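Below is one structure, written out as structure tokens; the observations come after it.
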Amino acid sequence: MNTLINNILESHKDEIVQYMSENPGTFIWSMIIVVLITVLLLGFYFLIGWICLKISKKIFAAIERKKGKKIHLQFAESLVKLAIIIIFIVIPLGGDKIGHSLLGSAAVLAAVVGFAAQDVIKDILAGIQISVYKPFDLGDRIELADGTSGIVERITMRHIELRLIDTIVLMIPNSVINTETIKNYSYDYVPRSVQFSFPVDYKTDIKKAKQVIFDAIEESPYSYPGKKSKNGEMIYAPVYFIAIDDSSLNMKVTVYYKPGTATEVLKDDINTRVFEALEHAGIEIPYPHTSVVMRNEPVPLDQNLRKES
């Protein structure tokens, strides 16, 4: 943009000088007009850049609605956004000067790449590798080599955002996580599962207890029909009367849930729902009892004699 304005002024230099000499009183107004034209041109240029950013955002949003949130789409959006910023903001603000300055020389550029920008470039290249090969995707639950586990929420040009327990967000540089040994619990979107045991009282109607537990699990927003029936339909797992324990009848069920769901969140929701459902249905959840029997037996005669002496 600066080059364009300079070229226009340079090509009409003689006409401008002649006009100023013939009309000295109009110099200030001429400068104001030049400034206004420059501002308008820059504003128009930035407006085009802003419109391009909005359009790219809408395009990627439409793709995400159709195909879901994918890690390669999010990274590609970041690359497009960076390219638009460079084209419509960095270059108009002096890209041509940068190219002719010392920073634009090969030696200085090599030094910048070799030292200051080394980590940035490593992270960008690692981000490209992650988005292409996709060892994990957005929403996947992964575990790092040190045991840290969480759900992948976002990828940027520099890092991955991993949400841990209690809403803690861990920022991991792309170059670091790209070299990590990762356990992906969500690979190929296979449903995860966890078993629950619910004790009920001996006098409980078993069929009723099974139905109450099943209904509570089915109503949970985190449970998932992950069991395949004989006809190939995906269903919720049934509740089984699995054992007669010392003080209760033990009901057991397997609950399936999507890979992106935190296990602790699922357990909390299912336990809460089943406990409240059993209580509402009048089904007692027993606990161990200890019975103490007191006997009033007569004291032997020789003991009474010893006490009196």
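Quick note on naming: the chains in the structure tokens go A, B, ... in the order shown, residues restart at 1 in each chain, and ligands are numbered from 1 in order of appearance.
For range 52-69 of chain A, the non-local neighbours within 7 Å, defined as residues at least 4 positions apart in the same chain or in other chains and counting only C-alpha atoms, are Ile48, Glu77, Lys81, Ile84 and Leu138 of chain A.
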Output N, CA, C and O atoms for every residue in the selection just made, as a PDB file, in the first residue's frame.
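The result, written out as result.pdb:
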```pdb
ATOM      1  N   ILE A  48     -11.244  -5.120   3.847  1.00  0.00           N
ATOM      2  CA  ILE A  48     -11.211  -6.336   3.035  1.00  0.00           C
ATOM      3  C   ILE A  48     -10.622  -7.500   3.837  1.00  0.00           C
ATOM      4  O   ILE A  48     -11.130  -8.623   3.799  1.00  0.00           O
ATOM      5  N   GLU A  77      -7.664 -23.623   9.906  1.00  0.00           N
ATOM      6  CA  GLU A  77      -8.276 -22.312  10.136  1.00  0.00           C
ATOM      7  C   GLU A  77      -7.255 -21.336  10.706  1.00  0.00           C
ATOM      8  O   GLU A  77      -7.225 -20.157  10.329  1.00  0.00           O
ATOM      9  N   LYS A  81      -6.022 -17.896   8.897  1.00  0.00           N
ATOM     10  CA  LYS A  81      -6.128 -16.632   9.631  1.00  0.00           C
ATOM     11  C   LYS A  81      -4.782 -15.909   9.653  1.00  0.00           C
ATOM     12  O   LYS A  81      -4.707 -14.689   9.451  1.00  0.00           O
ATOM     13  N   ILE A  84      -4.061 -14.386   6.182  1.00  0.00           N
ATOM     14  CA  ILE A  84      -4.857 -13.175   5.931  1.00  0.00           C
ATOM     15  C   ILE A  84      -4.282 -11.986   6.689  1.00  0.00           C
ATOM     16  O   ILE A  84      -4.200 -10.870   6.157  1.00  0.00           O
ATOM     17  N   LEU A 138     -10.078 -33.640  18.290  1.00  0.00           N
ATOM     18  CA  LEU A 138     -10.765 -32.832  19.283  1.00  0.00           C
ATOM     19  C   LEU A 138     -11.834 -33.676  19.970  1.00  0.00           C
ATOM     20  O   LEU A 138     -12.588 -34.401  19.318  1.00  0.00           O
TER      21      LEU A 138
END
```
Exercise for review: Using DSSP on the backbone coordinates, identify the residues of range 49-290 of chain A assigned to alpha helix (DSSP H); present them as number ranges by chain.
Suggested key: A: 49-67, 71-85, 95-100, 106-114, 118-133, 174-177, 206-219, 263-280
Check your understanding: A:Val152, A:Ile121, A:Met234, A:Ile71: which is nearest Lys134 in chain A, counting only C-alpha atoms?
Key -> A:Ile71
Exercise for review: Please provide the set of residues having any atom within 9 Å of Ser78 in chain A, restricted to only C-alpha atoms, with same-chain residues fewer than 6 positions apart removed, written as a ChimeraX atom specification.
Suggested key: /A:155-157
**Study point:** Residues within 9 Å of Thr263 in chain A, only C-alpha atoms, excluding chain neighbours under 4 positions, as a count of residues only
**Key:** 5
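When only C-alpha atoms are used to measure the gap to Leu144 in chain A, the shortest distance among A:Ile177, A:Ser131, A:Val169, A:His159 belongs to A:Ile177.
Across A:Leu79, A:Phe136, A:Ile182, A:Met251, the tightest approach to Thr148 in chain A is made by A:Ile182 when counting only C-alpha atoms.
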